[in-house]
Structures are given as C-alpha cells and as structure tokens.
Amino acid sequence: MEAIWRRRSRSIVRNDPFCNGELEANTLRECEELVNNPRCVNFKYVAEGRANVVFSIWESGDSGARKGRFEGTLLRVPKATVGVTPCDYETLQDFHEHQVEDRVGRQYLVPQALIQISKEVAQVLHKKRNKADESKIQAGYAMLIQDMSASPGYSVLEFKPKWLAQSPLASPGAKRCRTCAREAFRNHQKQAEGHAVSVPICPLGLVHEDPEVVMDTIRRLAPKWTDQGHKRLFNAFNKSGILEKLLELQTKGDPDRALLDDPSDSDFGLAMTLRDCSCYVRMPDDVNQDLEIKLADVDKKNWEEKQTYWQETHWNLVDNGWYTCEEQVNPPVETACVLSRPTPA
C-alpha cells in the first residue's frame, strides 16, 4: 500500500506516467482479500468517533516491526449508530476524489482507498472495540488510509485548523472568533461539571498577517517542539500555502447567510467539511528533509442531519453573548482570541 500512498500523495497530473492503474487495482484487490481473511491478518483497535472506527492492521506472518503490505496503513470502518446518519462510504470517496482533491490539492490530503469487508470481519472488528455502546460495525464498504501517526525519525503534530476566518454571521463588535466563542461555551460546560479546562488556541493566529502572531500560535500548537522545529513548521506552512487555501475555500463557500438560507449548497458543505478536518504534520529529524503536511477527516457532511445543530449552535453563541465576551456565567471563561489583541498604535 505504501506505493499507492506515495502516488496518491502527488498532485493530480493528466496522463501521469507514474500511474499504473492496473497494478494499483491488483494491489487493492489483494489487500482486500487479505483484510477479509482473519487468519492472514491481525487487527488492533486505535480509536473511534461518532461515525467511524479505526484499526491498525498487519499481516500475521510479519514481525512487530513490519506490517507486510499494510505498512503505513490503517483500516477505517463505519459504524451504525442510532440517531447518527453520516454519508455512506461510497459517497464519501466520491466527494474526496471529485470535490476535495480538485479544490484543495491531492498532495495535501491523507490518501484513502475504498474496499469491502465481510460479515465475519465486521464481527471480529466489533469485538476488538474498547467502547461499549449500541453501535455496530457492519459488513460493507470500508477504507484503507495512510497512517500519519508517530514513527521513528519523525515528530508528529495533529490539530484541527477549525474556522480560519470569522463567521459572517458573528455578532457586531465580536471580541471572539467563531472557534473561540464555541470553545468558550464548551469550557463553561466543562467547568460546570468540575472539569479542568485550558485556554483554546485561536485559529486566526495561523493565518495572521503578523509573522509573530503566527509564531506564537505555532508555539502553542506544538509546545514540546524546539524553536528550530517551530521555525521549520512556520516555513512549511508558508511554502505549502495549505492554510491560505483552507481560508479561501471556507470564506468563498460561506460568504453571508448560507448557514440559515441555503445549507444544502455544495460550496457551503465543502466549507463546513474544511472547518472540521484534521491537519497532520510529520517533521523528519533530518533538518534537510521537508515536513509533510496533510489533511484528514475531509468527509462530506450530511447537511439534512446537521443543519439544526449548526443553526442552534449559531444562535446560542449570538444570543448568549459568547462572541462579545458578554456571557453571564460564573466563573468567567478565559480565551485569548486574536480579535481581542490590542491594536498596534
């Protein structure tokens, strides 16, 4: 699979001389057959969200240090959950290939490939989960995806870029951006339950015109990295332009009242996808090698299911003063939004 991931990590080129469609199809077919033979592969639970579960996978005869044909690969499967209706995996793959790749750039996306799993494998995977709820893993479509987790010789950073521009529906005179307002509300809920909270990182700092603001944001994102590492990440973001591309697609897709008037609009749907994606950075220990920056979780949103939640979230932030720092709560909620920074004289 590593050869497929390398090819799918290059920008799209018509008549790509390095593309061997037949070889890739045969590799995927072989891997699908292996996945569906539990006697030939091992699975290990990694994590799960509301709609998906992720497993590590490797061939049974390989040592712990190697995973055979699944080196650098994870298995992602959907789960059936009462009250949750995500888009099916065929729709997600089509959206990935024909919307996100074309608009964002394939080289900046974690590559994925569609396969199918049998009922037997679905049952094996379900038993390996660490979460006890009413959801089930079912037979049908699944995905093999590139593994962007930590490995020897690399430092890894994972974060969510979130809303890189203010919401067009934010309250007048807002002192918090959409992300900081939402995180302030969430921190208030956590504090009310007795949980410790941390000051959220403002995503506007990642695309700020002042390089020092960007560096401050990067330091908070990667507090364990060295100054040299922070500088390498700063330069990698600038060279790739990926954050500016996200900013452009988010703002073009949601210029005014799409959330309230036209949540089915495809450009708005892409904007909401890119406001909830994850960003993975792999920094080689070798300073002469480039950093790898890729986006994951670029799934199409089921707007019919999400629109009420999105709209209710918006009105809560506006009506209860979370944008303007006028929320009536005790204890006060601390944020450090870029919008609240003093304006230089």
# chains A, B, ... in the order shown; residues from 1 in each chain; ligands from 1
>>> residues_around(residues="Leu74 (chain A)", least_positions_apart="4", cutoff="12 Å", atoms="only C-alpha atoms", output="ChimeraX atom specification")
/A:1-2,5,31,35,42-47,53-58,67,69-70,110-113,142-149
>>> select_by_dssp(residues="region 63-272 of chain A", states="alpha helix (DSSP H)", output="VMD selection string")
chain A and resid 89 to 95 101 to 104 119 to 127 178 to 192 211 to 221 227 to 240 242 to 253 258 to 261 266 to 272
>>> residues_around(residues="region 222-224 of chain A", least_positions_apart="6", cutoff="10 Å", atoms="only C-alpha atoms", output="PyMOL selection string")
chain A and resi 155-159+230+233
>>> residues_around(residues="region 85-101 of chain A", least_positions_apart="3", cutoff="6 Å", atoms="only C-alpha atoms", output="list in words")
Val104, Gly105, Arg106, Asp299, Lys300 and Asn302 of chain A
>>> write_last_selection(atoms="N, CA and C atoms", output="mmCIF file, in the first residue's frame")
data_model
loop_
_atom_site.group_PDB
_atom_site.id
_atom_site.type_symbol
_atom_site.label_atom_id
_atom_site.label_comp_id
_atom_site.auth_asym_id
_atom_site.auth_seq_id
_atom_site.Cartn_x
_atom_site.Cartn_y
_atom_site.Cartn_z
ATOM 1 N N VAL A 104 -8.680 21.372 -3.038
ATOM 2 C CA VAL A 104 -7.614 21.552 -2.046
ATOM 3 C C VAL A 104 -6.258 21.187 -2.627
ATOM 4 N N GLY A 105 -6.226 20.106 -3.409
ATOM 5 C CA GLY A 105 -4.960 19.573 -3.906
ATOM 6 C C GLY A 105 -4.692 18.213 -3.302
ATOM 7 N N ARG A 106 -4.599 17.205 -4.142
ATOM 8 C CA ARG A 106 -4.449 15.832 -3.640
ATOM 9 C C ARG A 106 -3.205 15.662 -2.793
ATOM 10 N N ASP A 299 -14.555 14.546 5.296
ATOM 11 C CA ASP A 299 -15.773 13.838 4.919
ATOM 12 C C ASP A 299 -16.901 14.804 4.585
ATOM 13 N N LYS A 300 -17.706 14.427 3.616
ATOM 14 C CA LYS A 300 -18.899 15.197 3.288
ATOM 15 C C LYS A 300 -19.860 15.179 4.464
ATOM 16 N N ASN A 302 -23.572 15.437 6.160
ATOM 17 C CA ASN A 302 -24.981 15.219 5.884
ATOM 18 C C ASN A 302 -25.743 16.444 6.386
#
>>> residues_around(residues="region 117-124 of chain A", least_positions_apart="5", cutoff="9 Å", atoms="only C-alpha atoms", output="PyMOL selection string")
chain A and resi 32-33+35-38+43+77+136-142
>>> write_last_selection(atoms="all heavy atoms", output="compact mmCIF listing (two decimals), in the first residue's frame")
# COMPACT_ATOMS: atom_id res chain seq x y z
N GLU A 32 -7.61 -6.27 -0.16
CA GLU A 32 -8.99 -6.52 0.26
C GLU A 32 -9.18 -8.00 0.61
O GLU A 32 -9.84 -8.35 1.60
CB GLU A 32 -9.96 -6.11 -0.86
CG GLU A 32 -11.42 -6.30 -0.49
CD GLU A 32 -12.35 -5.82 -1.59
OE1 GLU A 32 -12.54 -6.58 -2.58
OE2 GLU A 32 -12.88 -4.70 -1.46
N GLU A 33 -8.60 -8.88 -0.19
CA GLU A 33 -8.69 -10.32 0.10
C GLU A 33 -8.02 -10.65 1.42
O GLU A 33 -8.52 -11.47 2.20
CB GLU A 33 -8.07 -11.12 -1.04
CG GLU A 33 -8.87 -11.05 -2.34
CD GLU A 33 -8.16 -11.72 -3.51
OE1 GLU A 33 -6.99 -12.16 -3.32
OE2 GLU A 33 -8.75 -11.78 -4.61
N VAL A 35 -7.58 -8.54 4.00
CA VAL A 35 -8.40 -7.98 5.07
C VAL A 35 -9.54 -8.93 5.42
O VAL A 35 -9.90 -9.08 6.60
CB VAL A 35 -8.96 -6.60 4.66
CG1 VAL A 35 -10.01 -6.12 5.66
CG2 VAL A 35 -7.83 -5.58 4.57
N ASN A 36 -10.07 -9.59 4.42
CA ASN A 36 -11.23 -10.46 4.64
C ASN A 36 -10.85 -11.89 4.98
O ASN A 36 -11.71 -12.78 4.96
CB ASN A 36 -12.13 -10.43 3.40
CG ASN A 36 -12.94 -9.16 3.32
OD1 ASN A 36 -13.81 -8.92 4.15
ND2 ASN A 36 -12.64 -8.31 2.34
N ASN A 37 -9.59 -12.10 5.32
CA ASN A 37 -9.14 -13.42 5.79
C ASN A 37 -8.50 -13.24 7.16
O ASN A 37 -7.29 -13.01 7.27
CB ASN A 37 -8.14 -14.02 4.81
CG ASN A 37 -7.82 -15.47 5.15
OD1 ASN A 37 -8.05 -15.93 6.27
ND2 ASN A 37 -7.28 -16.20 4.18
N PRO A 38 -9.29 -13.32 8.25
CA PRO A 38 -8.77 -13.06 9.60
C PRO A 38 -7.61 -13.96 10.00
O PRO A 38 -6.90 -13.67 10.95
CB PRO A 38 -10.00 -13.30 10.49
CG PRO A 38 -11.18 -13.11 9.60
CD PRO A 38 -10.73 -13.60 8.25
N PHE A 43 -5.68 -7.36 13.67
CA PHE A 43 -6.25 -6.03 13.83
C PHE A 43 -6.03 -5.56 15.26
O PHE A 43 -6.09 -6.35 16.20
CB PHE A 43 -7.76 -6.04 13.57
CG PHE A 43 -8.15 -6.56 12.21
CD1 PHE A 43 -8.65 -7.84 12.06
CD2 PHE A 43 -8.03 -5.76 11.08
CE1 PHE A 43 -9.04 -8.33 10.82
CE2 PHE A 43 -8.40 -6.23 9.83
CZ PHE A 43 -8.91 -7.52 9.70
N VAL A 77 -13.46 1.93 9.37
CA VAL A 77 -14.75 1.30 9.08
C VAL A 77 -15.87 2.16 9.66
O VAL A 77 -15.72 2.78 10.71
CB VAL A 77 -14.83 -0.13 9.64
CG1 VAL A 77 -13.78 -1.02 8.99
CG2 VAL A 77 -14.66 -0.14 11.15
N LYS A 136 -22.85 -0.65 15.98
CA LYS A 136 -22.34 -1.90 15.43
C LYS A 136 -21.48 -1.63 14.21
O LYS A 136 -21.74 -0.69 13.44
CB LYS A 136 -23.49 -2.82 15.03
CG LYS A 136 -24.37 -3.29 16.18
CD LYS A 136 -23.67 -4.36 17.01
CE LYS A 136 -24.61 -4.92 18.08
NZ LYS A 136 -23.92 -5.93 18.92
N ILE A 137 -20.46 -2.45 14.02
CA ILE A 137 -19.71 -2.45 12.77
C ILE A 137 -20.37 -3.47 11.86
O ILE A 137 -20.58 -4.62 12.25
CB ILE A 137 -18.24 -2.79 13.01
CG1 ILE A 137 -17.56 -1.70 13.83
CG2 ILE A 137 -17.50 -2.97 11.68
CD1 ILE A 137 -16.14 -2.00 14.23
N GLN A 138 -20.69 -3.05 10.65
CA GLN A 138 -21.41 -3.92 9.74
C GLN A 138 -20.61 -4.20 8.49
O GLN A 138 -19.68 -3.48 8.15
CB GLN A 138 -22.75 -3.27 9.36
CG GLN A 138 -23.68 -3.06 10.56
CD GLN A 138 -24.99 -2.41 10.17
OE1 GLN A 138 -25.06 -1.67 9.18
NE2 GLN A 138 -26.03 -2.67 10.94
N ALA A 139 -20.97 -5.29 7.82
CA ALA A 139 -20.32 -5.64 6.56
C ALA A 139 -20.62 -4.57 5.52
O ALA A 139 -21.63 -3.88 5.58
CB ALA A 139 -20.82 -6.99 6.08
N GLY A 140 -19.70 -4.41 4.57
CA GLY A 140 -19.91 -3.42 3.51
C GLY A 140 -18.63 -2.66 3.24
O GLY A 140 -17.52 -3.17 3.43
N TYR A 141 -18.76 -1.42 2.81
CA TYR A 141 -17.60 -0.64 2.43
C TYR A 141 -16.80 -0.18 3.65
O TYR A 141 -17.35 0.14 4.70
CB TYR A 141 -18.02 0.58 1.61
CG TYR A 141 -18.33 0.23 0.18
CD1 TYR A 141 -19.65 0.15 -0.26
CD2 TYR A 141 -17.31 -0.04 -0.73
CE1 TYR A 141 -19.94 -0.19 -1.57
CE2 TYR A 141 -17.59 -0.38 -2.04
CZ TYR A 141 -18.91 -0.45 -2.46
OH TYR A 141 -19.18 -0.80 -3.76
N ALA A 142 -15.47 -0.17 3.47
CA ALA A 142 -14.52 0.34 4.46
C ALA A 142 -13.43 1.07 3.69
O ALA A 142 -13.47 1.15 2.45
CB ALA A 142 -13.95 -0.81 5.28
>>> atom_distance(atom1="CA of Ser171 (chain A)", atom2="CA of Lys306 (chain A)")
21.9 Å
>>> closest_residue(among="A:Tyr154, A:Phe234, A:Trp315, A:Trp163", to="Leu249 (chain A)", atoms="only C-alpha atoms")
A:Trp163
>>> residues_around(residues="Asp290 (chain A)", least_positions_apart="3", cutoff="9 Å", atoms="only C-alpha atoms", output="ChimeraX atom specification")
/A:232,236,283-284,286-287
>>> residues_around(residues="Thr251 (chain A)", least_positions_apart="2", cutoff="9 Å", atoms="only C-alpha atoms", output="ChimeraX atom specification")
/A:164-168,246-249,253-256,271
